[in-house]
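File shown: run37.cif. Contents: mmCIF, C-alpha atoms.
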data_protein
#
loop_
_atom_site.group_PDB
_atom_site.id
_atom_site.type_symbol
_atom_site.label_atom_id
_atom_site.label_comp_id
_atom_site.auth_asym_id
_atom_site.auth_seq_id
_atom_site.Cartn_x
_atom_site.Cartn_y
_atom_site.Cartn_z
ATOM 1 C CA MET A 962 -3.848 -18.605 23.015
ATOM 2 C CA SER A 963 -6.832 -16.243 23.298
ATOM 3 C CA PHE A 964 -7.156 -12.994 25.230
ATOM 4 C CA PRO A 965 -9.967 -12.431 27.765
ATOM 5 C CA GLY A 966 -12.733 -9.957 26.997
ATOM 6 C CA ILE A 967 -13.117 -10.722 23.300
ATOM 7 C CA PHE A 968 -15.727 -12.071 20.915
ATOM 8 C CA SER A 969 -14.725 -14.571 18.277
ATOM 9 C CA ILE A 970 -16.092 -16.294 15.212
ATOM 10 C CA VAL A 971 -14.647 -18.639 12.629
ATOM 11 C CA LEU A 972 -14.585 -17.630 8.967
ATOM 12 C CA PRO A 973 -14.650 -20.971 7.133
ATOM 13 C CA VAL A 974 -12.184 -20.929 4.259
ATOM 14 C CA GLY A 975 -9.877 -23.497 2.720
ATOM 15 C CA ASN A 976 -6.520 -23.120 1.051
ATOM 16 C CA TYR A 977 -5.792 -19.789 2.750
ATOM 17 C CA ASP A 978 -2.229 -18.943 3.787
ATOM 18 C CA LEU A 979 -2.808 -16.256 6.410
ATOM 19 C CA ALA A 980 0.872 -15.665 7.196
ATOM 20 C CA ALA A 981 1.835 -15.225 3.547
ATOM 21 C CA THR A 982 -1.113 -12.922 2.927
ATOM 22 C CA LEU A 983 -0.353 -10.637 5.865
ATOM 23 C CA THR A 984 3.426 -10.487 5.296
ATOM 24 C CA SER A 985 3.565 -10.187 1.511
ATOM 25 C CA GLY A 986 4.070 -6.418 1.330
ATOM 26 C CA GLN A 987 0.420 -5.449 0.876
ATOM 27 C CA ALA A 988 -0.287 -4.076 4.358
ATOM 28 C CA PHE A 989 2.074 -2.975 7.092
ATOM 29 C CA ARG A 990 0.263 -3.134 10.439
ATOM 30 C CA TRP A 991 0.115 -6.857 11.172
ATOM 31 C CA ARG A 992 2.207 -8.316 14.011
ATOM 32 C CA ARG A 993 2.731 -11.934 14.969
ATOM 33 C CA VAL A 994 1.663 -12.456 18.601
ATOM 34 C CA GLU A 995 1.774 -15.973 20.032
ATOM 35 C CA ASP A 996 -0.217 -18.155 17.610
ATOM 36 C CA GLY A 997 -2.000 -15.347 15.799
ATOM 37 C CA TRP A 998 -1.779 -12.018 14.026
ATOM 38 C CA GLU A 999 -2.875 -8.693 15.513
ATOM 39 C CA GLY A 1000 -3.646 -5.433 13.763
ATOM 40 C CA VAL A 1001 -6.075 -2.555 13.435
ATOM 41 C CA ILE A 1002 -8.332 -2.317 10.395
ATOM 42 C CA PHE A 1003 -11.231 0.057 9.813
ATOM 43 C CA GLY A 1004 -10.548 1.531 13.254
ATOM 44 C CA ARG A 1005 -10.963 -1.790 15.089
ATOM 45 C CA TRP A 1006 -8.481 -4.052 16.849
ATOM 46 C CA VAL A 1007 -8.547 -7.523 15.298
ATOM 47 C CA ARG A 1008 -6.737 -10.771 15.928
ATOM 48 C CA PHE A 1009 -6.577 -13.586 13.374
ATOM 49 C CA VAL A 1010 -5.607 -17.198 14.072
ATOM 50 C CA GLN A 1011 -5.219 -19.809 11.348
ATOM 51 C CA ILE A 1012 -7.042 -22.990 12.310
ATOM 52 C CA THR A 1013 -8.010 -26.170 10.485
ATOM 53 C CA GLU A 1014 -11.528 -24.916 9.783
ATOM 54 C CA GLY A 1015 -10.403 -21.544 8.443
ATOM 55 C CA ILE A 1016 -9.587 -18.301 10.261
ATOM 56 C CA ARG A 1017 -10.646 -17.541 13.807
ATOM 57 C CA VAL A 1018 -11.362 -13.842 14.206
ATOM 58 C CA GLU A 1019 -11.222 -12.154 17.600
ATOM 59 C CA VAL A 1020 -12.547 -8.626 18.225
ATOM 60 C CA VAL A 1021 -13.526 -6.518 21.212
ATOM 61 C CA GLN A 1022 -16.914 -5.310 19.961
ATOM 62 C CA ARG A 1023 -19.586 -7.867 19.129
ATOM 63 C CA ASP A 1024 -20.745 -7.678 15.518
ATOM 64 C CA ASP A 1025 -23.679 -9.304 13.779
ATOM 65 C CA ASP A 1026 -22.332 -8.577 10.292
ATOM 66 C CA TRP A 1027 -18.852 -9.836 9.426
ATOM 67 C CA THR A 1028 -18.978 -8.844 5.771
ATOM 68 C CA TRP A 1029 -16.313 -6.179 6.338
ATOM 69 C CA LEU A 1030 -13.835 -8.835 7.478
ATOM 70 C CA GLU A 1031 -14.721 -11.294 4.733
ATOM 71 C CA GLU A 1032 -14.182 -8.477 2.236
ATOM 72 C CA TYR A 1033 -10.867 -7.447 3.790
ATOM 73 C CA LEU A 1034 -9.524 -11.001 3.855
ATOM 74 C CA GLN A 1035 -11.144 -11.942 0.534
ATOM 75 C CA THR A 1036 -12.232 -15.281 1.937
ATOM 76 C CA GLY A 1037 -14.761 -15.715 -0.850
ATOM 77 C CA VAL A 1038 -12.086 -15.810 -3.547
ATOM 78 C CA LYS A 1039 -11.614 -19.224 -5.152
ATOM 79 C CA ILE A 1040 -7.846 -19.157 -5.267
ATOM 80 C CA GLU A 1041 -7.561 -22.330 -7.345
ATOM 81 C CA GLU A 1042 -9.494 -20.630 -10.151
ATOM 82 C CA ILE A 1043 -7.260 -17.563 -9.868
ATOM 83 C CA THR A 1044 -4.004 -19.490 -10.180
ATOM 84 C CA ALA A 1045 -5.482 -21.669 -12.941
ATOM 85 C CA SER A 1046 -5.976 -18.493 -14.990
ATOM 86 C CA PHE A 1047 -2.241 -17.673 -14.906
ATOM 87 C CA PRO A 1048 -0.252 -18.126 -18.130
ATOM 88 C CA ARG A 1049 1.156 -21.623 -18.481
ATOM 89 C CA ASP A 1050 4.818 -21.027 -17.788
ATOM 90 C CA GLU A 1051 7.245 -22.658 -15.381
ATOM 91 C CA HIS A 1052 7.928 -19.475 -13.433
ATOM 92 C CA LEU A 1053 4.337 -18.725 -12.463
ATOM 93 C CA ALA A 1054 3.771 -22.420 -11.841
ATOM 94 C CA ALA A 1055 6.636 -22.394 -9.336
ATOM 95 C CA ALA A 1056 5.366 -19.185 -7.727
ATOM 96 C CA ALA A 1057 1.821 -20.547 -7.472
ATOM 97 C CA GLN A 1058 3.080 -23.758 -5.910
ATOM 98 C CA ALA A 1059 5.349 -21.974 -3.421
ATOM 99 C CA CYS A 1060 2.777 -19.335 -2.424
ATOM 100 C CA LEU A 1061 -0.440 -21.322 -2.705
ATOM 101 C CA GLY A 1062 -3.111 -19.802 -0.467
ATOM 102 C CA LEU A 1063 -1.864 -16.212 -0.757
ATOM 103 C CA ARG A 1064 -4.742 -13.743 -1.163
ATOM 104 C CA LEU A 1065 -4.907 -10.085 -2.120
ATOM 105 C CA LEU A 1066 -6.380 -8.047 0.721
ATOM 106 C CA ARG A 1067 -9.039 -5.394 0.139
ATOM 107 C CA GLN A 1068 -7.911 -2.475 2.277
ATOM 108 C CA GLU A 1069 -9.291 0.921 3.270
ATOM 109 C CA PRO A 1070 -8.196 3.226 0.421
ATOM 110 C CA TRP A 1071 -6.649 6.092 2.394
ATOM 111 C CA GLU A 1072 -4.594 3.876 4.686
ATOM 112 C CA CYS A 1073 -3.405 1.814 1.727
ATOM 113 C CA LEU A 1074 -2.510 4.832 -0.391
ATOM 114 C CA ALA A 1075 -0.793 6.712 2.432
ATOM 115 C CA SER A 1076 1.207 3.635 3.451
ATOM 116 C CA PHE A 1077 2.563 3.230 -0.063
ATOM 117 C CA ILE A 1078 3.398 6.937 -0.295
ATOM 118 C CA LEU A 1079 5.550 6.256 2.777
ATOM 119 C CA SER A 1080 7.056 3.088 1.264
ATOM 120 C CA SER A 1081 9.299 4.657 -1.373
ATOM 121 C CA THR A 1082 12.835 3.133 -1.233
ATOM 122 C CA LYS A 1083 12.099 1.541 2.135
ATOM 123 C CA GLN A 1084 12.265 -2.084 3.241
ATOM 124 C CA ILE A 1085 9.082 -3.612 4.620
ATOM 125 C CA VAL A 1086 10.276 -3.517 8.242
ATOM 126 C CA GLN A 1087 11.098 0.199 7.889
ATOM 127 C CA ILE A 1088 7.686 0.933 6.371
ATOM 128 C CA GLN A 1089 6.084 -0.857 9.314
ATOM 129 C CA GLN A 1090 8.031 1.308 11.752
ATOM 130 C CA ILE A 1091 7.071 4.569 10.028
ATOM 131 C CA VAL A 1092 3.407 3.603 9.807
ATOM 132 C CA GLU A 1093 3.355 2.519 13.451
ATOM 133 C CA MET A 1094 4.865 5.814 14.621
ATOM 134 C CA LEU A 1095 2.357 7.734 12.510
ATOM 135 C CA CYS A 1096 -0.534 5.841 14.108
ATOM 136 C CA GLU A 1097 0.790 6.179 17.652
ATOM 137 C CA ARG A 1098 1.293 9.939 17.344
ATOM 138 C CA PHE A 1099 -1.707 10.969 15.294
ATOM 139 C CA GLY A 1100 -4.226 8.122 15.311
ATOM 140 C CA GLN A 1101 -7.044 7.511 17.773
ATOM 141 C CA PRO A 1102 -6.886 4.829 20.491
ATOM 142 C CA VAL A 1103 -9.130 1.866 19.746
ATOM 143 C CA ALA A 1104 -10.789 -0.601 22.097
ATOM 144 C CA VAL A 1105 -8.538 -3.531 23.021
ATOM 145 C CA PRO A 1106 -8.908 -6.521 25.361
ATOM 146 C CA PRO A 1107 -8.374 -5.840 29.098
ATOM 147 C CA GLY A 1108 -4.685 -5.546 29.912
ATOM 148 C CA HIS A 1109 -3.676 -5.374 26.267
ATOM 149 C CA PRO A 1110 -1.258 -2.626 25.118
ATOM 150 C CA VAL A 1111 -2.838 0.435 23.542
ATOM 151 C CA ALA A 1112 -3.581 0.158 19.813
ATOM 152 C CA TRP A 1113 -4.192 3.045 17.441
ATOM 153 C CA SER A 1114 -6.230 3.665 14.319
ATOM 154 C CA PHE A 1115 -4.622 4.917 11.129
ATOM 155 C CA PRO A 1116 -4.939 8.744 11.101
ATOM 156 C CA SER A 1117 -7.433 10.127 8.614
ATOM 157 C CA ALA A 1118 -6.529 12.406 5.740
ATOM 158 C CA GLN A 1119 -8.411 15.166 7.569
ATOM 159 C CA ARG A 1120 -6.204 14.704 10.646
ATOM 160 C CA LEU A 1121 -2.937 14.594 8.720
ATOM 161 C CA ALA A 1122 -3.948 17.640 6.680
ATOM 162 C CA THR A 1123 -3.786 19.731 9.866
ATOM 163 C CA LEU A 1124 -0.194 18.783 10.645
ATOM 164 C CA SER A 1125 2.982 20.527 9.571
ATOM 165 C CA GLU A 1126 5.618 18.710 7.572
ATOM 166 C CA GLU A 1127 7.950 19.057 10.555
ATOM 167 C CA ARG A 1128 5.579 17.080 12.775
ATOM 168 C CA LEU A 1129 5.244 14.395 10.119
ATOM 169 C CA ARG A 1130 9.020 14.164 9.774
ATOM 170 C CA CYS A 1131 9.163 13.182 13.452
ATOM 171 C CA CYS A 1132 7.840 9.814 12.268
ATOM 172 C CA LYS A 1133 11.085 9.324 10.317
ATOM 173 C CA MET A 1134 9.423 9.567 6.913
ATOM 174 C CA GLY A 1135 11.998 12.052 5.577
ATOM 175 C CA PHE A 1136 11.395 13.374 2.071
ATOM 176 C CA ARG A 1137 8.030 11.606 1.987
ATOM 177 C CA ALA A 1138 6.543 14.068 4.516
ATOM 178 C CA PRO A 1139 5.579 16.789 2.007
ATOM 179 C CA TYR A 1140 4.064 14.174 -0.306
ATOM 180 C CA LEU A 1141 1.901 12.751 2.471
ATOM 181 C CA SER A 1142 0.962 16.221 3.722
ATOM 182 C CA LYS A 1143 -0.041 17.590 0.327
ATOM 183 C CA SER A 1144 -1.937 14.423 -0.605
ATOM 184 C CA ALA A 1145 -3.840 14.523 2.692
ATOM 185 C CA LYS A 1146 -4.772 18.161 2.097
ATOM 186 C CA MET A 1147 -6.016 17.451 -1.424
ATOM 187 C CA ILE A 1148 -8.202 14.602 -0.188
ATOM 188 C CA ALA A 1149 -9.404 16.405 2.925
ATOM 189 C CA GLY A 1150 -10.230 19.448 0.813
ATOM 190 C CA GLY A 1151 -12.274 17.447 -1.664
ATOM 191 C CA GLU A 1152 -9.927 17.900 -4.627
ATOM 192 C CA LEU A 1153 -9.826 14.129 -5.034
ATOM 193 C CA ASP A 1154 -12.578 11.726 -3.976
ATOM 194 C CA LEU A 1155 -11.098 8.391 -2.966
ATOM 195 C CA SER A 1156 -14.541 6.866 -2.531
ATOM 196 C CA GLY A 1157 -15.344 7.544 -6.174
ATOM 197 C CA ILE A 1158 -12.263 5.790 -7.569
ATOM 198 C CA ALA A 1159 -13.933 2.375 -7.481
ATOM 199 C CA ALA A 1160 -16.611 3.490 -9.940
ATOM 200 C CA LEU A 1161 -14.067 4.478 -12.613
ATOM 201 C CA ASN A 1162 -12.342 2.320 -15.201
ATOM 202 C CA VAL A 1163 -8.756 1.462 -14.363
ATOM 203 C CA GLU A 1164 -7.203 4.096 -16.652
ATOM 204 C CA ASP A 1165 -9.297 6.925 -15.228
ATOM 205 C CA ALA A 1166 -8.810 5.641 -11.686
ATOM 206 C CA ARG A 1167 -5.032 5.597 -12.143
ATOM 207 C CA ARG A 1168 -5.118 9.067 -13.701
ATOM 208 C CA GLU A 1169 -6.934 10.416 -10.644
ATOM 209 C CA LEU A 1170 -4.424 8.924 -8.207
ATOM 210 C CA LEU A 1171 -1.485 10.220 -10.233
ATOM 211 C CA ARG A 1172 -2.677 13.741 -9.476
ATOM 212 C CA LEU A 1173 -1.479 13.306 -5.899
ATOM 213 C CA PRO A 1174 2.036 14.503 -4.954
ATOM 214 C CA GLY A 1175 4.495 11.638 -4.594
ATOM 215 C CA VAL A 1176 2.229 9.154 -6.357
ATOM 216 C CA GLY A 1177 3.764 7.609 -9.461
ATOM 217 C CA ARG A 1178 2.539 4.607 -11.381
ATOM 218 C CA LYS A 1179 3.884 2.043 -8.906
ATOM 219 C CA ILE A 1180 2.156 3.583 -5.905
ATOM 220 C CA ALA A 1181 -1.040 4.247 -7.854
ATOM 221 C CA ASP A 1182 -1.143 0.625 -9.002
ATOM 222 C CA CYS A 1183 -0.586 -0.609 -5.441
ATOM 223 C CA ALA A 1184 -3.625 1.361 -4.288
ATOM 224 C CA LEU A 1185 -5.668 0.233 -7.292
ATOM 225 C CA LEU A 1186 -4.841 -3.409 -6.602
ATOM 226 C CA PHE A 1187 -4.758 -3.632 -2.806
ATOM 227 C CA ALA A 1188 -7.549 -1.178 -1.970
ATOM 228 C CA TYR A 1189 -9.880 -1.282 -4.962
ATOM 229 C CA GLY A 1190 -9.290 -4.727 -6.449
ATOM 230 C CA PHE A 1191 -8.416 -3.635 -9.995
ATOM 231 C CA GLN A 1192 -6.827 -6.810 -11.365
ATOM 232 C CA GLN A 1193 -5.446 -4.905 -14.358
ATOM 233 C CA ALA A 1194 -3.103 -3.034 -12.010
ATOM 234 C CA PHE A 1195 0.377 -4.544 -12.015
ATOM 235 C CA PRO A 1196 2.723 -2.719 -9.596
ATOM 236 C CA VAL A 1197 6.347 -3.040 -10.667
ATOM 237 C CA ASP A 1198 8.736 -2.575 -7.748
ATOM 238 C CA VAL A 1199 12.317 -3.765 -7.417
ATOM 239 C CA TRP A 1200 11.283 -7.354 -6.648
ATOM 240 C CA VAL A 1201 8.807 -7.609 -9.512
ATOM 241 C CA LEU A 1202 11.262 -5.924 -11.874
ATOM 242 C CA LYS A 1203 13.885 -8.471 -10.847
ATOM 243 C CA ALA A 1204 11.406 -11.286 -11.452
ATOM 244 C CA LEU A 1205 10.482 -10.009 -14.903
ATOM 245 C CA ARG A 1206 14.070 -9.471 -16.001
ATOM 246 C CA THR A 1207 15.407 -12.691 -14.519
ATOM 247 C CA LEU A 1208 12.571 -15.026 -15.459
ATOM 248 C CA TYR A 1209 11.140 -13.560 -18.653
ATOM 249 C CA PHE A 1210 13.911 -11.469 -20.208
ATOM 250 C CA PRO A 1211 17.129 -13.219 -19.138
ATOM 251 C CA ARG A 1212 19.187 -12.393 -22.226
ATOM 252 C CA ARG A 1213 18.509 -8.715 -22.751
ATOM 253 C CA PRO A 1214 16.918 -6.173 -20.362
ATOM 254 C CA PRO A 1215 13.664 -4.916 -21.888
ATOM 255 C CA SER A 1216 12.923 -1.248 -22.488
ATOM 256 C CA ALA A 1217 10.433 0.436 -20.167
ATOM 257 C CA ARG A 1218 7.817 0.415 -22.937
ATOM 258 C CA ARG A 1219 8.385 -3.272 -23.708
ATOM 259 C CA LEU A 1220 8.101 -4.141 -20.046
ATOM 260 C CA LEU A 1221 4.868 -2.173 -19.643
ATOM 261 C CA ASP A 1222 3.343 -3.766 -22.742
ATOM 262 C CA PHE A 1223 4.345 -7.210 -21.461
ATOM 263 C CA THR A 1224 2.777 -6.756 -18.024
ATOM 264 C CA GLN A 1225 -0.444 -5.395 -19.538
ATOM 265 C CA THR A 1226 -0.931 -8.214 -22.023
ATOM 266 C CA TYR A 1227 0.826 -11.384 -20.864
ATOM 267 C CA PHE A 1228 -0.559 -12.138 -17.407
ATOM 268 C CA GLY A 1229 -4.248 -12.324 -18.239
ATOM 269 C CA PRO A 1230 -7.401 -11.420 -16.305
ATOM 270 C CA ASN A 1231 -5.785 -11.891 -12.896
ATOM 271 C CA ALA A 1232 -2.564 -10.016 -13.600
ATOM 272 C CA GLY A 1233 -2.678 -8.361 -10.177
ATOM 273 C CA TYR A 1234 -2.619 -11.746 -8.474
ATOM 274 C CA ALA A 1235 0.185 -12.929 -10.745
ATOM 275 C CA GLN A 1236 2.205 -9.866 -9.755
ATOM 276 C CA GLN A 1237 1.776 -10.565 -6.054
ATOM 277 C CA TYR A 1238 2.685 -14.213 -6.411
ATOM 278 C CA LEU A 1239 5.841 -13.263 -8.316
ATOM 279 C CA PHE A 1240 6.690 -10.610 -5.721
ATOM 280 C CA HIS A 1241 6.304 -12.932 -2.747
ATOM 281 C CA TYR A 1242 8.024 -15.817 -4.521
ATOM 282 C CA MET A 1243 11.057 -13.731 -5.430
ATOM 283 C CA ARG A 1244 11.305 -12.225 -1.969
ATOM 284 C CA THR A 1245 10.821 -15.386 0.086
ATOM 285 C CA HIS A 1246 12.349 -18.046 -2.161
ATOM 286 C CA VAL A 1247 14.595 -16.843 -4.973
ATOM 287 C CA GLY A 1248 15.785 -13.710 -3.165
ATOM 288 C CA ARG A 1249 16.682 -15.551 0.022
ATOM 289 C CA LYS A 1250 18.693 -18.092 -1.905
ATOM 290 C CA GLU A 1251 20.627 -15.231 -3.468
ATOM 291 C CA GLY A 1252 21.010 -13.399 -0.165
ATOM 292 C CA ARG A 1253 18.965 -10.377 -1.285
ATOM 293 C CA ALA A 1254 15.836 -10.592 0.849
ATOM 294 C CA SER A 1255 16.295 -7.026 2.123
ATOM 295 C CA LEU A 1256 15.448 -5.228 -1.103
ATOM 296 C CA PRO A 1257 12.836 -2.498 -0.609
ATOM 297 C CA ARG A 1258 9.155 -2.993 -1.374
ATOM 298 C CA LYS A 1259 9.057 0.206 -3.425
#
Once you've parsed the file, please lay out its structure as structure tokens.
Amino acid sequence: MSFPGIFSIVLPVGNYDLAATLTSGQAFRWRRVEDGWEGVIFGRWVRFVQITEGIRVEVVQRDDDWTWLEEYLQTGVKIEEITASFPRDEHLAAAAQACLGLRLLRQEPWECLASFILSSTKQIVQIQQIVEMLCERFGQPVAVPPGHPVAWSFPSAQRLATLSEERLRCCKMGFRAPYLSKSAKMIAGGELDLSGIAALNVEDARRELLRLPGVGRKIADCALLFAYGFQQAFPVDVWVLKALRTLYFPRRPPSARRLLDFTQTYFGPNAGYAQQYLFHYMRTHVGRKEGRASLPRK
């Protein structure tokens, strides 16, 4: 199914699992509609449909340069080379087989960071609800196909910096409101330059993000991996922690230091990808078998 009043192209790509990529806890604004996925990225309404030739992209505004979408979807990544770089163990082999085609997205840094600030102790569906309310109340309407429901951009740090914590709490973010508010004010005020993070090494980049209220190592690593593409970043949430303890340390729970050393040395040059494959595998395969698919993302 395709909506009237849109422009479309096909991004040719093989071995790409669009559904797994968009639902694997990286981004929170994608919705399944008919045979495709709808969302707003970089302030533009977009619809993706998986087809035999690759991914059909539908937008409202015509564009002669689709690099921004190729970068977001990471269609140029040779996923077979990524998974071939994983350590040779049965657990990653099973995860790679079960989740083959899963990509890491390359998101807009502020939206990614803010979304993960809002993710603490929440399940994915709850994070989606909070983010959607935030966009509806404080984002800007974006162009959509004729007759389509209104869609909203993610509110900028500058916009959120003007709001009181009470107004933010109306989006059901609870104790996360002051963290989001203070982080937005730091970024809007120039105390931290998100655009400059990409030019730093991973340690300095993480150190910068950790300056923000409510941002611990997990959230910082999510932003480093999903917005900036730092493959050294290895976010450890409840699902990944379960995977590490169950699959790699079944006899005795490792200390925090041992676990950190293991994640930084064992998984190789594409550790970030390995993390995401383990996360999605545990959540959609192992976790469901154990009846625990509702664990929070963060």
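Among the candidates A:Gly1151, A:Gly1037, A:Gly1177, A:Gly1157, the one nearest to A:Arg1067 when counting all atoms listed in the file is A:Gly1037.
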Selection result of the PyMOL selection byres ((chain A and resi 1017) around 6) on this file, as a ChimeraX atom specification: /A:970-971,1009-1010,1016,1018
Report as an mmCIF file with C-alpha atoms, keeping the file's coordinate frame all protein, DNA and RNA residues lying within 9 Å of A:Tyr977, evaluated on all atoms listed in the file, omitting residues in the same chain fewer than 5 positions from it.
data_model
loop_
_atom_site.group_PDB
_atom_site.id
_atom_site.type_symbol
_atom_site.label_atom_id
_atom_site.label_comp_id
_atom_site.auth_asym_id
_atom_site.auth_seq_id
_atom_site.Cartn_x
_atom_site.Cartn_y
_atom_site.Cartn_z
ATOM 1 C CA THR A 982 -1.113 -12.922 2.927
ATOM 2 C CA GLN A 1011 -5.219 -19.809 11.348
ATOM 3 C CA GLY A 1015 -10.403 -21.544 8.443
ATOM 4 C CA ILE A 1016 -9.587 -18.301 10.261
ATOM 5 C CA THR A 1036 -12.232 -15.281 1.937
ATOM 6 C CA ILE A 1040 -7.846 -19.157 -5.267
ATOM 7 C CA LEU A 1061 -0.440 -21.322 -2.705
ATOM 8 C CA GLY A 1062 -3.111 -19.802 -0.467
ATOM 9 C CA LEU A 1063 -1.864 -16.212 -0.757
ATOM 10 C CA ARG A 1064 -4.742 -13.743 -1.163
#
At a cut-off of 6 Å, using only C-alpha atoms, what residues contact A:Gly1233? Leave out same-chain residues fewer than 4 positions from it and give the result as a PyMOL selection string. chain A and resi 1192+1194-1195
When the PyMOL selection byres ((chain A and resi 1224) around 10) is applied to the structure above, which residues does it catch, written out as a PDB file with C-alpha atoms, in the coordinates of the input?
ATOM      1  CA  GLN A1193      -5.446  -4.905 -14.358  1.00  0.00           C
ATOM      2  CA  ALA A1194      -3.103  -3.034 -12.010  1.00  0.00           C
ATOM      3  CA  PHE A1195       0.377  -4.544 -12.015  1.00  0.00           C
ATOM      4  CA  PRO A1196       2.723  -2.719  -9.596  1.00  0.00           C
ATOM      5  CA  VAL A1197       6.347  -3.040 -10.667  1.00  0.00           C
ATOM      6  CA  LEU A1205      10.482 -10.009 -14.903  1.00  0.00           C
ATOM      7  CA  ARG A1219       8.385  -3.272 -23.708  1.00  0.00           C
ATOM      8  CA  LEU A1220       8.101  -4.141 -20.046  1.00  0.00           C
ATOM      9  CA  LEU A1221       4.868  -2.173 -19.643  1.00  0.00           C
ATOM     10  CA  ASP A1222       3.343  -3.766 -22.742  1.00  0.00           C
ATOM     11  CA  PHE A1223       4.345  -7.210 -21.461  1.00  0.00           C
ATOM     12  CA  GLN A1225      -0.444  -5.395 -19.538  1.00  0.00           C
ATOM     13  CA  THR A1226      -0.931  -8.214 -22.023  1.00  0.00           C
ATOM     14  CA  TYR A1227       0.826 -11.384 -20.864  1.00  0.00           C
ATOM     15  CA  PHE A1228      -0.559 -12.138 -17.407  1.00  0.00           C
ATOM     16  CA  GLY A1229      -4.248 -12.324 -18.239  1.00  0.00           C
ATOM     17  CA  ALA A1232      -2.564 -10.016 -13.600  1.00  0.00           C
ATOM     18  CA  GLY A1233      -2.678  -8.361 -10.177  1.00  0.00           C
ATOM     19  CA  ALA A1235       0.185 -12.929 -10.745  1.00  0.00           C
ATOM     20  CA  GLN A1236       2.205  -9.866  -9.755  1.00  0.00           C
TER      21      GLN A1236
END
Using only C-alpha atoms, the best pick from A:Gly1108, A:Gly986, A:Pro1070, A:Gly997 as closest to A:Gly966 would be A:Gly1108
Evaluate the PyMOL selection byres ((chain A and resi 1209) around 12) here and jot the selected residues down as a PyMOL selection string. chain A and resi 1050-1053+1201-1208+1210-1215+1219-1220+1223-1224+1227-1228+1239
Taking (-3.8, 15.2, -5.1) in the file's coordinates, which residues come within 8 Å, counting all atoms listed in the file, written as a PyMOL selection string? chain A and resi 1143-1148+1152-1153+1169-1174
Local residues around (-0.9, -11.5, 18.9), at most 9 Å away, using all atoms listed in the file, as a ChimeraX atom specification: /A:962-963,992-1000,1008-1010
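Shortest separation to A:His1246 among A:Thr1082, A:Ser1114, A:Gln1058, A:Ser1046 occurs at residue A:Gln1058, atoms counted being only C-alpha atoms.
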Atom CA of A:Asp1154 to atom CA of A:Val1176, distance in Å rounded to a single decimal: 15.2 Å
Tell me, as a ChimeraX atom specification, which residues lie within 12 Å of A:Arg1120, counting all atoms listed in the file; anything in the same chain fewer than 6 positions away does not count. /A:1071,1095-1096,1098-1101,1114,1129,1141-1142,1145-1146,1148-1150
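When only C-alpha atoms are used to compute distances to A:Val1111, the closest of the residues A:Tyr1140, A:Tyr1033, A:Phe1187, A:Trp1006 turns out to be A:Trp1006.
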One decimal, Å: what's the distance from atom CA of A:Ala1056 over to atom CA of A:Thr984, could you say? 15.8 Å
Considering only C-alpha atoms, can you say which of A:Arg990, A:Arg1128, A:Arg1137, A:His1109 comes closest to A:Val1092? A:Arg990
What's the separation between atom CA of A:Gln1035 and atom CA of A:Leu1066, in Å to one decimal place? 6.2 Å
So which residues touch A:Gln1090 within 9 Å, counting only C-alpha atoms, skipping near sequence neighbours fewer than 3 positions away, as a count of residues only? 9
Completion of stretch 1000-1010 of chain A up to N, CA and C atoms, as a CSV table (one decimal), keeping the file's coordinate frame:
chain,number,residue,atom,x,y,z
A,1000,GLY,N,-3.7,-6.7,14.5
A,1000,GLY,CA,-3.6,-5.4,13.8
A,1000,GLY,C,-4.9,-4.6,14.0
A,1001,VAL,N,-4.9,-3.4,13.4
A,1001,VAL,CA,-6.1,-2.6,13.4
A,1001,VAL,C,-6.5,-2.3,12.0
A,1002,ILE,N,-7.8,-2.6,11.7
A,1002,ILE,CA,-8.3,-2.3,10.4
A,1002,ILE,C,-9.7,-1.7,10.6
A,1003,PHE,N,-10.0,-0.7,9.7
A,1003,PHE,CA,-11.2,0.1,9.8
A,1003,PHE,C,-11.5,0.6,11.2
A,1004,GLY,N,-10.4,1.0,11.9
A,1004,GLY,CA,-10.5,1.5,13.3
A,1004,GLY,C,-10.9,0.5,14.3
A,1005,ARG,N,-10.6,-0.8,14.1
A,1005,ARG,CA,-11.0,-1.8,15.1
A,1005,ARG,C,-9.8,-2.7,15.3
A,1006,TRP,N,-9.5,-3.1,16.5
A,1006,TRP,CA,-8.5,-4.1,16.8
A,1006,TRP,C,-9.0,-5.4,16.4
A,1007,VAL,N,-8.2,-6.2,15.8
A,1007,VAL,CA,-8.5,-7.5,15.3
A,1007,VAL,C,-7.4,-8.5,15.5
A,1008,ARG,N,-7.7,-9.7,15.8
A,1008,ARG,CA,-6.7,-10.8,15.9
A,1008,ARG,C,-7.2,-11.9,15.1
A,1009,PHE,N,-6.3,-12.4,14.2
A,1009,PHE,CA,-6.6,-13.6,13.4
A,1009,PHE,C,-5.7,-14.8,13.8
A,1010,VAL,N,-6.3,-15.9,13.8
A,1010,VAL,CA,-5.6,-17.2,14.1
A,1010,VAL,C,-6.0,-18.2,13.0
